[in-house]
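One file, protein.csv, is given below (CSV, C-alpha atoms).
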chain,number,residue,atom,x,y,z
A,15,MET,CA,-13.5,-27.6,-17.5
A,16,ARG,CA,-15.6,-24.5,-17.6
A,17,LEU,CA,-16.2,-21.3,-15.7
A,18,ASP,CA,-18.9,-22.1,-13.1
A,19,HIS,CA,-19.4,-19.1,-10.9
A,20,LEU,CA,-17.9,-16.0,-9.3
A,21,SER,CA,-17.9,-15.4,-5.5
A,22,PHE,CA,-18.2,-12.0,-3.9
A,23,ALA,CA,-17.7,-11.6,-0.2
A,24,ALA,CA,-20.3,-9.5,1.6
A,25,GLY,CA,-19.1,-6.2,3.0
A,26,PRO,CA,-19.7,-4.8,6.5
A,27,ASP,CA,-23.3,-4.1,5.7
A,28,GLY,CA,-24.0,-7.8,5.5
A,29,LEU,CA,-25.3,-10.3,2.9
A,30,ALA,CA,-28.7,-8.9,2.2
A,31,SER,CA,-27.6,-5.3,1.8
A,32,THR,CA,-24.6,-6.3,-0.4
A,33,ALA,CA,-26.9,-8.4,-2.6
A,34,GLN,CA,-29.4,-5.5,-2.8
A,35,ARG,CA,-26.7,-3.0,-3.8
A,36,ILE,CA,-25.2,-5.2,-6.6
A,37,GLY,CA,-28.7,-6.2,-7.7
A,38,ASP,CA,-29.7,-2.6,-8.1
A,39,LEU,CA,-26.6,-1.9,-10.2
A,40,LEU,CA,-27.5,-4.8,-12.5
A,41,GLY,CA,-31.3,-4.3,-12.4
A,42,CYS,CA,-32.2,-7.7,-11.0
A,43,GLU,CA,-32.6,-9.6,-7.7
A,44,PHE,CA,-30.4,-12.2,-6.0
A,45,VAL,CA,-32.2,-15.1,-4.4
A,46,ASP,CA,-31.5,-16.9,-1.1
A,47,GLY,CA,-29.2,-19.8,-1.7
A,48,GLY,CA,-29.1,-21.2,1.8
A,49,VAL,CA,-26.4,-22.1,4.3
A,50,HIS,CA,-23.2,-24.1,3.7
A,51,PRO,CA,-23.0,-26.0,7.0
A,52,ARG,CA,-19.6,-27.5,6.3
A,53,PHE,CA,-18.0,-24.1,5.6
A,54,GLY,CA,-19.8,-21.9,8.0
A,55,THR,CA,-21.1,-19.6,5.3
A,56,ARG,CA,-24.3,-18.7,3.5
A,57,ASN,CA,-25.0,-17.2,0.1
A,58,MET,CA,-27.4,-15.5,-2.3
A,59,THR,CA,-27.2,-16.2,-6.0
A,60,LEU,CA,-28.0,-14.7,-9.4
A,61,PRO,CA,-28.2,-17.0,-12.4
A,62,LEU,CA,-26.6,-15.8,-15.6
A,63,GLY,CA,-26.8,-16.9,-19.2
A,64,GLY,CA,-24.2,-19.3,-20.4
A,65,GLY,CA,-24.4,-21.7,-17.5
A,66,THR,CA,-22.7,-19.4,-14.9
A,67,TYR,CA,-23.9,-17.5,-11.9
A,68,LEU,CA,-22.9,-14.9,-9.3
A,69,GLU,CA,-22.7,-15.7,-5.7
A,70,ILE,CA,-22.6,-13.3,-2.8
A,71,VAL,CA,-21.4,-15.1,0.3
A,72,GLU,CA,-21.2,-14.2,4.0
A,73,VAL,CA,-19.4,-15.9,6.9
A,74,LEU,CA,-21.5,-17.1,9.9
A,75,ASP,CA,-20.7,-17.1,13.5
A,76,HIS,CA,-20.1,-20.8,13.4
A,77,PRO,CA,-17.1,-23.0,14.3
A,78,ALA,CA,-17.0,-24.4,10.8
A,79,SER,CA,-16.1,-21.0,9.4
A,80,ASP,CA,-12.8,-21.1,11.5
A,81,LYS,CA,-11.9,-24.5,10.3
A,82,ALA,CA,-12.9,-24.7,6.7
A,83,PRO,CA,-10.6,-23.0,4.2
A,84,PHE,CA,-13.6,-21.5,2.3
A,85,GLY,CA,-15.0,-20.0,5.5
A,86,GLN,CA,-11.5,-18.6,6.3
A,87,ALA,CA,-11.2,-17.0,2.9
A,88,VAL,CA,-14.7,-15.4,3.1
A,89,ARG,CA,-14.0,-14.1,6.6
A,90,ALA,CA,-10.6,-12.6,5.5
A,91,ARG,CA,-12.1,-10.9,2.4
A,92,SER,CA,-15.1,-9.5,4.3
A,93,ALA,CA,-12.7,-8.2,7.0
A,94,LEU,CA,-11.1,-6.1,4.3
A,95,GLY,CA,-14.4,-4.5,3.4
A,96,GLY,CA,-15.8,-7.2,1.1
A,97,GLY,CA,-15.4,-7.6,-2.6
A,98,TRP,CA,-14.6,-10.2,-5.2
A,99,LEU,CA,-13.3,-13.4,-3.7
A,100,ALA,CA,-12.8,-16.0,-6.4
A,101,TRP,CA,-13.6,-17.3,-9.8
A,102,VAL,CA,-14.6,-21.0,-9.8
A,103,VAL,CA,-14.1,-23.7,-12.4
A,104,ALA,CA,-16.4,-26.7,-12.7
A,105,VAL,CA,-15.0,-30.1,-13.8
A,106,ASP,CA,-16.8,-33.4,-14.6
A,107,ASP,CA,-14.2,-35.4,-12.6
A,108,ILE,CA,-12.2,-33.9,-9.8
A,109,ALA,CA,-10.0,-36.9,-9.3
A,110,PRO,CA,-7.2,-35.8,-11.7
A,111,ILE,CA,-7.0,-32.5,-9.9
A,112,GLU,CA,-6.9,-34.3,-6.5
A,113,ALA,CA,-4.0,-36.3,-7.9
A,114,ARG,CA,-2.2,-33.2,-9.2
A,115,LEU,CA,-2.6,-31.2,-6.0
A,116,GLY,CA,-1.9,-34.2,-3.8
A,117,ARG,CA,-5.0,-34.0,-1.6
A,118,GLU,CA,-8.7,-34.9,-1.5
A,119,ALA,CA,-11.5,-32.6,-2.4
A,120,ALA,CA,-13.8,-31.4,0.4
A,121,PRO,CA,-17.5,-32.3,0.3
A,122,GLY,CA,-19.9,-29.3,0.2
A,123,ASN,CA,-23.6,-28.9,0.5
A,124,ARG,CA,-26.3,-26.4,1.0
A,125,PHE,CA,-30.1,-26.5,1.3
A,126,ARG,CA,-32.2,-24.1,-0.7
A,127,PRO,CA,-35.1,-22.4,1.1
A,128,ASP,CA,-37.5,-25.0,-0.6
A,129,GLY,CA,-35.5,-27.8,1.1
A,130,THR,CA,-33.6,-28.9,-2.1
A,131,GLU,CA,-30.1,-30.1,-1.2
A,132,LEU,CA,-27.3,-29.2,-3.6
A,133,THR,CA,-24.1,-31.2,-3.2
A,134,TRP,CA,-20.6,-31.0,-4.7
A,135,ARG,CA,-16.9,-31.5,-4.0
A,136,GLN,CA,-14.4,-28.7,-4.1
A,137,ILE,CA,-10.6,-28.3,-4.0
A,138,GLY,CA,-8.1,-25.5,-4.4
A,139,VAL,CA,-9.3,-23.0,-1.8
A,140,ASN,CA,-6.0,-23.1,0.0
A,141,GLY,CA,-4.3,-22.2,-3.3
A,142,LEU,CA,-6.7,-19.2,-3.6
A,143,ILE,CA,-5.9,-18.1,-0.1
A,144,ALA,CA,-2.1,-18.2,-0.9
A,145,ASP,CA,-2.5,-16.6,-4.4
A,146,PRO,CA,-5.9,-15.0,-5.0
A,147,GLN,CA,-5.6,-14.9,-8.8
A,148,LEU,CA,-6.1,-18.7,-8.8
A,149,PRO,CA,-9.5,-20.2,-9.2
A,150,PHE,CA,-10.7,-23.2,-7.2
A,151,PHE,CA,-12.5,-26.3,-8.6
A,152,VAL,CA,-15.9,-27.8,-8.1
A,153,GLN,CA,-17.5,-31.0,-9.2
A,154,TRP,CA,-21.3,-30.9,-8.9
A,155,LEU,CA,-23.0,-34.0,-7.7
A,156,ILE,CA,-26.5,-33.0,-8.7
A,157,PRO,CA,-28.7,-33.2,-11.9
A,158,SER,CA,-27.9,-30.4,-14.3
A,159,GLU,CA,-31.5,-29.0,-13.9
A,160,LEU,CA,-30.6,-28.1,-10.2
A,161,HIS,CA,-27.5,-26.1,-11.1
A,162,PRO,CA,-27.7,-22.5,-9.7
A,163,SER,CA,-27.5,-21.1,-13.3
A,164,VAL,CA,-30.8,-22.6,-14.3
A,165,GLY,CA,-33.6,-20.1,-14.8
A,166,ALA,CA,-31.3,-17.3,-15.9
A,167,ASP,CA,-32.5,-14.4,-18.0
A,168,PRO,CA,-30.4,-14.8,-21.2
A,169,ASP,CA,-30.1,-11.0,-21.4
A,170,TYR,CA,-27.7,-11.2,-18.4
A,171,THR,CA,-24.3,-12.7,-19.3
A,172,LEU,CA,-20.7,-12.4,-18.1
A,173,HIS,CA,-18.7,-10.2,-20.5
A,174,CYS,CA,-15.3,-9.8,-18.9
A,175,LEU,CA,-13.2,-10.7,-15.8
A,176,GLU,CA,-10.5,-8.2,-14.8
A,177,ILE,CA,-7.8,-10.2,-13.0
A,178,ALA,CA,-4.6,-8.9,-11.5
A,179,GLY,CA,-2.1,-11.7,-12.1
A,180,ASP,CA,-0.1,-13.8,-14.5
A,181,PRO,CA,-2.0,-15.9,-17.1
A,182,GLN,CA,1.0,-18.3,-17.3
A,183,ARG,CA,0.8,-19.0,-13.5
A,184,VAL,CA,-3.0,-19.6,-13.7
A,185,SER,CA,-2.5,-21.9,-16.7
A,186,GLU,CA,0.0,-24.0,-14.7
A,187,TRP,CA,-2.6,-24.2,-11.9
A,188,LEU,CA,-5.4,-25.3,-14.2
A,189,GLY,CA,-3.2,-27.8,-16.0
A,190,GLU,CA,-4.3,-26.4,-19.3
A,191,ALA,CA,-4.4,-23.0,-21.0
A,192,VAL,CA,-6.3,-20.5,-19.0
A,193,GLU,CA,-8.5,-19.7,-22.0
A,194,ALA,CA,-10.0,-23.2,-22.0
A,195,PRO,CA,-12.5,-22.9,-19.2
A,196,LEU,CA,-13.4,-19.3,-20.0
A,197,GLU,CA,-14.8,-19.9,-23.5
A,198,ASP,CA,-16.7,-16.7,-24.5
A,199,VAL,CA,-15.8,-14.7,-21.4
A,200,LYS,CA,-13.1,-12.1,-22.0
A,201,VAL,CA,-10.3,-11.7,-19.5
A,202,GLU,CA,-8.3,-8.5,-19.0
A,203,TRP,CA,-5.0,-9.3,-17.2
A,204,VAL,CA,-3.6,-6.5,-15.1
A,205,ALA,CA,-0.1,-6.6,-13.8
A,206,PRO,CA,-0.6,-6.6,-10.0
A,207,HIS,CA,0.8,-3.7,-8.1
A,208,GLY,CA,-0.4,-5.2,-4.9
A,209,THR,CA,-2.3,-8.4,-4.1
A,210,PRO,CA,-3.3,-10.4,-7.2
A,211,GLY,CA,-6.8,-11.5,-7.6
A,212,LEU,CA,-10.2,-10.9,-9.3
A,213,LEU,CA,-10.5,-7.1,-9.4
A,214,ALA,CA,-13.8,-6.5,-11.2
A,215,VAL,CA,-16.4,-8.2,-13.3
A,216,GLN,CA,-18.3,-6.8,-16.3
A,217,VAL,CA,-21.8,-8.1,-16.9
A,218,GLN,CA,-23.9,-7.5,-20.0
A,219,THR,CA,-27.4,-6.4,-19.0
A,220,PRO,CA,-30.5,-4.9,-20.8
A,221,ARG,CA,-29.2,-1.6,-19.4
A,222,GLY,CA,-25.8,-2.1,-21.1
A,223,LEU,CA,-22.5,-3.2,-19.7
A,224,VAL,CA,-22.2,-2.9,-15.9
A,225,ARG,CA,-18.9,-3.1,-14.1
A,226,ILE,CA,-18.9,-4.3,-10.5
Would you write the structure of this file as structure tokens?
Amino acid sequence: MRLDHLSFAAGPDGLASTAQRIGDLLGCEFVDGGVHPRFGTRNMTLPLGGGTYLEIVEVLDHPASDKAPFGQAVRARSALGGGWLAWVVAVDDIAPIEARLGREAAPGNRFRPDGTELTWRQIGVNGLIADPQLPFFVQWLIPSELHPSVGADPDYTLHCLEIAGDPQRVSEWLGEAVEAPLEDVKVEWVAPHGTPGLLAVQVQTPRGLVRI
């Protein structure tokens, strides 16, 4: 179990403009990640050192976005002006989590602009919708060299997640201590005065520490 990526829902200015704005803050460019046909969304990604990446995601005018929990979550966050949506944990075998949550993981896929298909299974988005401090889980079904973190500039790394929530609640959801999947990434827990969730992310860059 490890931190895989962070999802940011595009604001009213759309996917490309949101990616441009955040890329300018960091001093780097996001790349087109392709469409998620099962979820009714599309994304742009930025690989980071340490095997993680940032994802900016936008809901499409597509029936899947109304049916799939991930599409629903993106639409709801974007409707609030956009912002951090989720932190996502990767596992080698999603079956134990399926057993613990009592349901099957949903298949996911997207095609990169070069035609490469990425496939995975994910579970826990309904938990995220109900309690936004909780991560969801993915199991990648691709060779490691196709993971979206590949090709990262090692000078860009995640430094800290700022989460409004309760680490004990998150540990119960993970089935192990919350520190386990985060490894070298620091977490600042903030007592939520409103809705819990991922509030901000600090990224180490050649320009110094950037808070988004």
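Minimum atom-to-atom distance to A:Gly37, evaluated using all atoms listed in the file, belongs to A:Val217 out of A:Val88, A:Lys81, A:Val217, A:Ile156.
Atom pair atom CA of A:Ser163 / atom CA of A:Ala87 has a distance of 23.3 Å (rounded to one decimal).
Take the candidates A:Ile36, A:Ala93, A:Leu17, A:Val49 and check each one against A:Glu193 using only C-alpha atoms; the shortest distance goes to A:Leu17.
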A:Leu160 proximity check over A:Ala205, A:Ala120, A:Leu132, A:Ala33, using only C-alpha atoms: winner is A:Leu132
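Pairwise distance (atom CA of A:Gly129, atom CA of A:Pro83) equals 25.5 Å.
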Stretch 55-155 of chain A near stretch 177-182 of chain A within 10 Å: what's each residue's closest atom pair and its distance in Å to one decimal, counting only C-alpha atoms, ordered by chain then ascending residue number, as a tab-separated table?
residue	atom	partner	partner_atom	distance
A:Trp101	CA	A:Ile177	CA	9.7
A:Asp145	CA	A:Gly179	CA	9.1
A:Pro146	CA	A:Gly179	CA	8.7
A:Gln147	CA	A:Gly179	CA	5.8
A:Leu148	CA	A:Gly179	CA	8.7
With all atoms listed in the file as the counted atoms, please give the residues lying no more than 12 Å from A:His173, apart from itself and same-chain residues fewer than 6 positions off, as a VMD selection string. chain A and resid 62 to 64 66 196 to 202 214 to 219 222 to 226
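Distances to A:His50 were evaluated for A:Trp98, A:Phe84, A:Tyr67, A:Tyr170 using only C-alpha atoms, and the minimum falls at A:Phe84.
Comparing the minimum interatomic distances between A:Val152 and each of A:Asp27, A:Asp106, A:Asp38, A:Glu72, counting only C-alpha atoms, we find that A:Asp106 sits nearest.
The two atoms in question, atom CA of A:Pro61 and atom CA of A:Pro162, are spaced 6.1 Å apart.
With distances taken over all atoms listed in the file, A:Gly138 is the one residue among A:Pro210, A:Gln34, A:Gly138, A:Ala104 lying closest to A:Gly116.
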Spatial neighbours of A:Phe151, max dist 12 Å, all atoms listed in the file, sep filter under 2 positions, as an NGL selection string: :A and (15-20 or 84 or 100-112 or 115 or 118-122 or 134-142 or 148-149 or 153-154 or 187-189 or 195)
Can I get N, CA, C and O atoms for stretch 154-171 of chain A, as an mmCIF file, in the first residue's frame?
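Once everything was written out, this is out-v3.cif:
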data_model
loop_
_atom_site.group_PDB
_atom_site.id
_atom_site.type_symbol
_atom_site.label_atom_id
_atom_site.label_comp_id
_atom_site.auth_asym_id
_atom_site.auth_seq_id
_atom_site.Cartn_x
_atom_site.Cartn_y
_atom_site.Cartn_z
ATOM 1 N N TRP A 154 -3.230 -1.135 -10.272
ATOM 2 C CA TRP A 154 -2.867 -0.983 -11.680
ATOM 3 C C TRP A 154 -2.708 -2.351 -12.335
ATOM 4 O O TRP A 154 -2.179 -3.286 -11.728
ATOM 5 N N LEU A 155 -3.158 -2.446 -13.583
ATOM 6 C CA LEU A 155 -3.075 -3.694 -14.344
ATOM 7 C C LEU A 155 -2.170 -3.496 -15.555
ATOM 8 O O LEU A 155 -2.451 -3.986 -16.647
ATOM 9 N N ILE A 156 -1.083 -2.772 -15.351
ATOM 10 C CA ILE A 156 -0.156 -2.411 -16.427
ATOM 11 C C ILE A 156 1.273 -2.659 -15.956
ATOM 12 O O ILE A 156 1.548 -2.713 -14.757
ATOM 13 N N PRO A 157 2.218 -2.796 -16.890
ATOM 14 C CA PRO A 157 3.634 -2.870 -16.498
ATOM 15 C C PRO A 157 4.051 -1.581 -15.794
ATOM 16 O O PRO A 157 3.535 -0.494 -16.089
ATOM 17 N N SER A 158 4.982 -1.697 -14.873
ATOM 18 C CA SER A 158 5.391 -0.545 -14.073
ATOM 19 C C SER A 158 5.935 0.598 -14.939
ATOM 20 O O SER A 158 5.796 1.768 -14.567
ATOM 21 N N GLU A 159 6.494 0.265 -16.113
ATOM 22 C CA GLU A 159 7.062 1.327 -16.947
ATOM 23 C C GLU A 159 5.994 2.196 -17.606
ATOM 24 O O GLU A 159 6.316 3.237 -18.186
ATOM 25 N N LEU A 160 4.709 1.800 -17.495
ATOM 26 C CA LEU A 160 3.626 2.622 -18.031
ATOM 27 C C LEU A 160 2.938 3.470 -16.962
ATOM 28 O O LEU A 160 2.039 4.250 -17.276
ATOM 29 N N HIS A 161 3.355 3.338 -15.718
ATOM 30 C CA HIS A 161 2.725 4.115 -14.651
ATOM 31 C C HIS A 161 2.895 5.616 -14.927
ATOM 32 O O HIS A 161 3.947 6.054 -15.412
ATOM 33 N N PRO A 162 1.857 6.416 -14.643
ATOM 34 C CA PRO A 162 1.925 7.854 -14.962
ATOM 35 C C PRO A 162 3.042 8.629 -14.264
ATOM 36 O O PRO A 162 3.306 9.772 -14.635
ATOM 37 N N SER A 163 3.692 8.044 -13.271
ATOM 38 C CA SER A 163 4.799 8.740 -12.609
ATOM 39 C C SER A 163 6.111 8.609 -13.364
ATOM 40 O O SER A 163 7.075 9.329 -13.067
ATOM 41 N N VAL A 164 6.161 7.702 -14.333
ATOM 42 C CA VAL A 164 7.406 7.453 -15.065
ATOM 43 C C VAL A 164 7.803 8.698 -15.864
ATOM 44 O O VAL A 164 6.960 9.356 -16.473
ATOM 45 N N GLY A 165 9.074 9.006 -15.831
ATOM 46 C CA GLY A 165 9.585 10.165 -16.560
ATOM 47 C C GLY A 165 9.630 11.437 -15.737
ATOM 48 O O GLY A 165 9.876 12.516 -16.275
ATOM 49 N N ALA A 166 9.382 11.317 -14.436
ATOM 50 C CA ALA A 166 9.355 12.500 -13.576
ATOM 51 C C ALA A 166 10.728 13.146 -13.455
ATOM 52 O O ALA A 166 11.763 12.472 -13.486
ATOM 53 N N ASP A 167 10.727 14.454 -13.314
ATOM 54 C CA ASP A 167 11.921 15.192 -12.931
ATOM 55 C C ASP A 167 12.085 14.985 -11.421
ATOM 56 O O ASP A 167 11.209 15.360 -10.645
ATOM 57 N N PRO A 168 13.185 14.383 -10.970
ATOM 58 C CA PRO A 168 13.339 14.083 -9.541
ATOM 59 C C PRO A 168 13.394 15.320 -8.654
ATOM 60 O O PRO A 168 13.298 15.204 -7.430
ATOM 61 N N ASP A 169 13.520 16.505 -9.263
ATOM 62 C CA ASP A 169 13.527 17.734 -8.471
ATOM 63 C C ASP A 169 12.122 18.143 -8.038
ATOM 64 O O ASP A 169 11.956 19.083 -7.255
ATOM 65 N N TYR A 170 11.105 17.441 -8.558
ATOM 66 C CA TYR A 170 9.714 17.721 -8.181
ATOM 67 C C TYR A 170 9.184 16.545 -7.366
ATOM 68 O O TYR A 170 9.031 15.436 -7.891
ATOM 69 N N THR A 171 8.927 16.773 -6.087
ATOM 70 C CA THR A 171 8.442 15.712 -5.211
ATOM 71 C C THR A 171 7.353 16.240 -4.283
ATOM 72 O O THR A 171 7.320 17.433 -3.954
#
